[in-house]
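Student: Just dropping this structure here.
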Amino acid sequence: MSNAQNISKRLPNLGDHALIGESAKLPINDATPVISMSPVVLPAPDRIMDLHMRVSAPATGKNIPIILLSHGQGSSNNLSSLNGYAPIAHFWASHGFAVIQPTHLSSRALSLSPDEYPEAPWFLRTRVIDMKLILDELDQIEALFPQIQGRLDHSRIAVVGHSAGGHTASRLMGARGNDPTHETYEDLFEPRIKAGILLASPGDGRGGDGLGPAAANTDLKYHSHAEMKTPTLVVIGDSDGFPFLTTRGAEYHADGYYFSKGPGSLLTVKGGKHGLGGVSGYDTSEAADDESPERLAMVQRMTWAYLRSALYPDDSAWSAASAALDGLPGLGYVEDKLPGQYQSS
């Protein structure tokens, strides 16, 4: 008798992780197969080295909206590069987005020394310039990955950043330094980006007050969201007391919501720490005290819904997801504001 004949009950094919719990109640479209290419190497003669990226997209379809994903710093050897962030990059791609993940010069995979490169180790400005280069060269990126050529919608572009990557994303959406005499006051706003998400992102620098020891000696001490104008979802964990960045606790990461002048939403993840359930990688030591398939699934679905509605105003995904989350208070909650409602004085 064959093994197949001994099976009394077959299970459904593999879908969502079995441990996502209440997050399964949040609405989402059907997943589709994903194609991914790495490395996609974009020539960058004005950079220390060419820009290495991973590009992931649905295997079929046209007019695919684009997400630029900026990695964090982190202590791991590989997640701060094109090899990280699979839990969100693959999810978004399987649900209809093209995701472009550059390896910034701040990556631990490169480990560039401050002794040789003055902007190291954070490379805060260079990160932003990386994203502008990608936007300038979308046609070339498509040509380097023929399976997606002619399939991307260059008019619907979002930026997402986690941790230090949130600083990158916020600068592209209009945030800048608060001191007109300092170089961080430079306006790097990018009008081609129509929406963004800040995941456990740096808050306002306040001249260094409230910053952790590693961040206080960087340009983060000048950072201000007062001029951020692009529609933005800010995602924080209510247990994110990440001392590497701040001594203010979780409230620090919400500054992009409260102090920006643009329309925005705030998603608070119950029990979430700096990894927000594990956005940067699967089964990693970086998220060892924060790994949760349920929290991760909530962040995946809510961020997907936000970007769908932000890039397609007639799409009700965000209102539907927010309404569903209202009935799941153990997962988190959403706040929304109109332009200028909480603008910093």
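Ordering of the structure tokens sets the chain letters (A, B, ...), residue numbers begin anew at 1 in every chain, and ligands are numbered from 1 in the order given.
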Write out, as a tab-separated table, each residue of segment 112-194 of chain A that has an atom at most 9 Å from segment 74-98 of chain A, together with the closest pair of atoms and their distance in Å to one decimal, counting only C-alpha atoms, rows going by chain and rising number.

Tutor:
residue	atom	partner	partner_atom	distance
A:Ile148	CA	A:Ala98	CA	9.0
A:Leu152	CA	A:Ala98	CA	7.4
A:Ser163	CA	A:Gly74	CA	8.4
A:Ala164	CA	A:Gly74	CA	8.6

Student: Check the DSSP output for the backbone and give back, as an mmCIF file with N, CA and C atoms, in the first residue's frame, the residues of segment 8-163 of chain A in alpha helix (DSSP H).

Tutor:
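The resulting file, result06.cif, is reproduced below:
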data_model
loop_
_atom_site.group_PDB
_atom_site.id
_atom_site.type_symbol
_atom_site.label_atom_id
_atom_site.label_comp_id
_atom_site.auth_asym_id
_atom_site.auth_seq_id
_atom_site.Cartn_x
_atom_site.Cartn_y
_atom_site.Cartn_z
ATOM 1 N N ALA A 86 13.501 39.878 3.758
ATOM 2 C CA ALA A 86 12.647 38.967 3.000
ATOM 3 C C ALA A 86 11.220 38.902 3.521
ATOM 4 N N PRO A 87 10.962 38.964 4.850
ATOM 5 C CA PRO A 87 9.582 38.835 5.310
ATOM 6 C C PRO A 87 8.632 39.892 4.763
ATOM 7 N N ILE A 88 9.131 41.106 4.543
ATOM 8 C CA ILE A 88 8.226 42.117 3.982
ATOM 9 C C ILE A 88 8.420 42.262 2.470
ATOM 10 N N ALA A 89 9.648 42.149 1.990
ATOM 11 C CA ALA A 89 9.881 42.316 0.556
ATOM 12 C C ALA A 89 9.143 41.245 -0.247
ATOM 13 N N HIS A 90 9.272 39.993 0.167
ATOM 14 C CA HIS A 90 8.590 38.915 -0.555
ATOM 15 C C HIS A 90 7.071 39.044 -0.415
ATOM 16 N N PHE A 91 6.627 39.411 0.773
ATOM 17 C CA PHE A 91 5.180 39.541 0.977
ATOM 18 C C PHE A 91 4.601 40.598 0.045
ATOM 19 N N TRP A 92 5.200 41.775 0.035
ATOM 20 C CA TRP A 92 4.674 42.836 -0.834
ATOM 21 C C TRP A 92 4.720 42.424 -2.302
ATOM 22 N N ALA A 93 5.804 41.776 -2.713
ATOM 23 C CA ALA A 93 5.904 41.348 -4.106
ATOM 24 C C ALA A 93 4.845 40.303 -4.442
ATOM 25 N N SER A 94 4.589 39.399 -3.518
ATOM 26 C CA SER A 94 3.585 38.356 -3.781
ATOM 27 C C SER A 94 2.169 38.903 -3.805
ATOM 28 N N LEU A 124 24.321 58.737 6.013
ATOM 29 C CA LEU A 124 22.922 59.155 6.003
ATOM 30 C C LEU A 124 22.531 59.884 4.718
ATOM 31 N N ARG A 125 23.357 60.792 4.259
ATOM 32 C CA ARG A 125 23.006 61.509 3.033
ATOM 33 C C ARG A 125 23.139 60.603 1.816
ATOM 34 N N THR A 126 24.182 59.799 1.776
ATOM 35 C CA THR A 126 24.417 58.930 0.624
ATOM 36 C C THR A 126 23.275 57.948 0.421
ATOM 37 N N ARG A 127 22.670 57.498 1.507
ATOM 38 C CA ARG A 127 21.517 56.602 1.400
ATOM 39 C C ARG A 127 20.411 57.250 0.565
ATOM 40 N N VAL A 128 20.142 58.522 0.830
ATOM 41 C CA VAL A 128 19.091 59.239 0.110
ATOM 42 C C VAL A 128 19.447 59.363 -1.369
ATOM 43 N N ILE A 129 20.708 59.660 -1.644
ATOM 44 C CA ILE A 129 21.155 59.785 -3.027
ATOM 45 C C ILE A 129 21.038 58.453 -3.758
ATOM 46 N N ASP A 130 21.256 57.334 -3.052
ATOM 47 C CA ASP A 130 21.048 56.013 -3.661
ATOM 48 C C ASP A 130 19.636 55.887 -4.217
ATOM 49 N N MET A 131 18.668 56.317 -3.437
ATOM 50 C CA MET A 131 17.268 56.184 -3.860
ATOM 51 C C MET A 131 16.959 57.085 -5.047
ATOM 52 N N LYS A 132 17.528 58.278 -5.057
ATOM 53 C CA LYS A 132 17.321 59.165 -6.193
ATOM 54 C C LYS A 132 17.934 58.578 -7.466
ATOM 55 N N LEU A 133 19.078 57.924 -7.331
ATOM 56 C CA LEU A 133 19.692 57.270 -8.481
ATOM 57 C C LEU A 133 18.782 56.177 -9.025
ATOM 58 N N ILE A 134 18.198 55.389 -8.140
ATOM 59 C CA ILE A 134 17.270 54.342 -8.570
ATOM 60 C C ILE A 134 16.112 54.945 -9.357
ATOM 61 N N LEU A 135 15.544 56.037 -8.844
ATOM 62 C CA LEU A 135 14.428 56.684 -9.535
ATOM 63 C C LEU A 135 14.847 57.208 -10.903
ATOM 64 N N ASP A 136 16.055 57.725 -10.986
ATOM 65 C CA ASP A 136 16.557 58.235 -12.263
ATOM 66 C C ASP A 136 16.759 57.126 -13.284
ATOM 67 N N LEU A 138 15.218 53.893 -13.488
ATOM 68 C CA LEU A 138 14.243 52.794 -13.482
ATOM 69 C C LEU A 138 14.226 52.049 -14.819
ATOM 70 N N ASP A 139 14.345 52.778 -15.915
ATOM 71 C CA ASP A 139 14.359 52.103 -17.218
ATOM 72 C C ASP A 139 15.557 51.161 -17.325
ATOM 73 N N GLN A 140 16.710 51.596 -16.831
ATOM 74 C CA GLN A 140 17.901 50.748 -16.904
ATOM 75 C C GLN A 140 17.762 49.541 -15.984
ATOM 76 N N ILE A 141 17.154 49.735 -14.813
ATOM 77 C CA ILE A 141 16.929 48.609 -13.903
ATOM 78 C C ILE A 141 16.050 47.564 -14.561
ATOM 79 N N GLU A 142 15.006 48.015 -15.251
ATOM 80 C CA GLU A 142 14.142 47.077 -15.968
ATOM 81 C C GLU A 142 14.929 46.339 -17.056
ATOM 82 N N ALA A 143 15.804 47.058 -17.742
ATOM 83 C CA ALA A 143 16.596 46.418 -18.799
ATOM 84 C C ALA A 143 17.552 45.376 -18.230
ATOM 85 N N LEU A 144 18.041 45.609 -17.006
ATOM 86 C CA LEU A 144 18.943 44.653 -16.367
ATOM 87 C C LEU A 144 18.200 43.411 -15.863
#

Student: Between atom CA of Gly271 of chain A and atom CA of Asp290 of chain A, what is the spacing in Å?

Tutor: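 Atom CA of Gly271 of chain A lies 8.3 Å from atom CA of Asp290 of chain A.
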
Student: Do a neighbour search on segment 296-299 of chain A at 6 Å with only C-alpha atoms, toss out local chain neighbours closer than 2 positions, and write the hits as a ChimeraX atom specification.

Tutor: /A:23,277-278,293-294,301-303
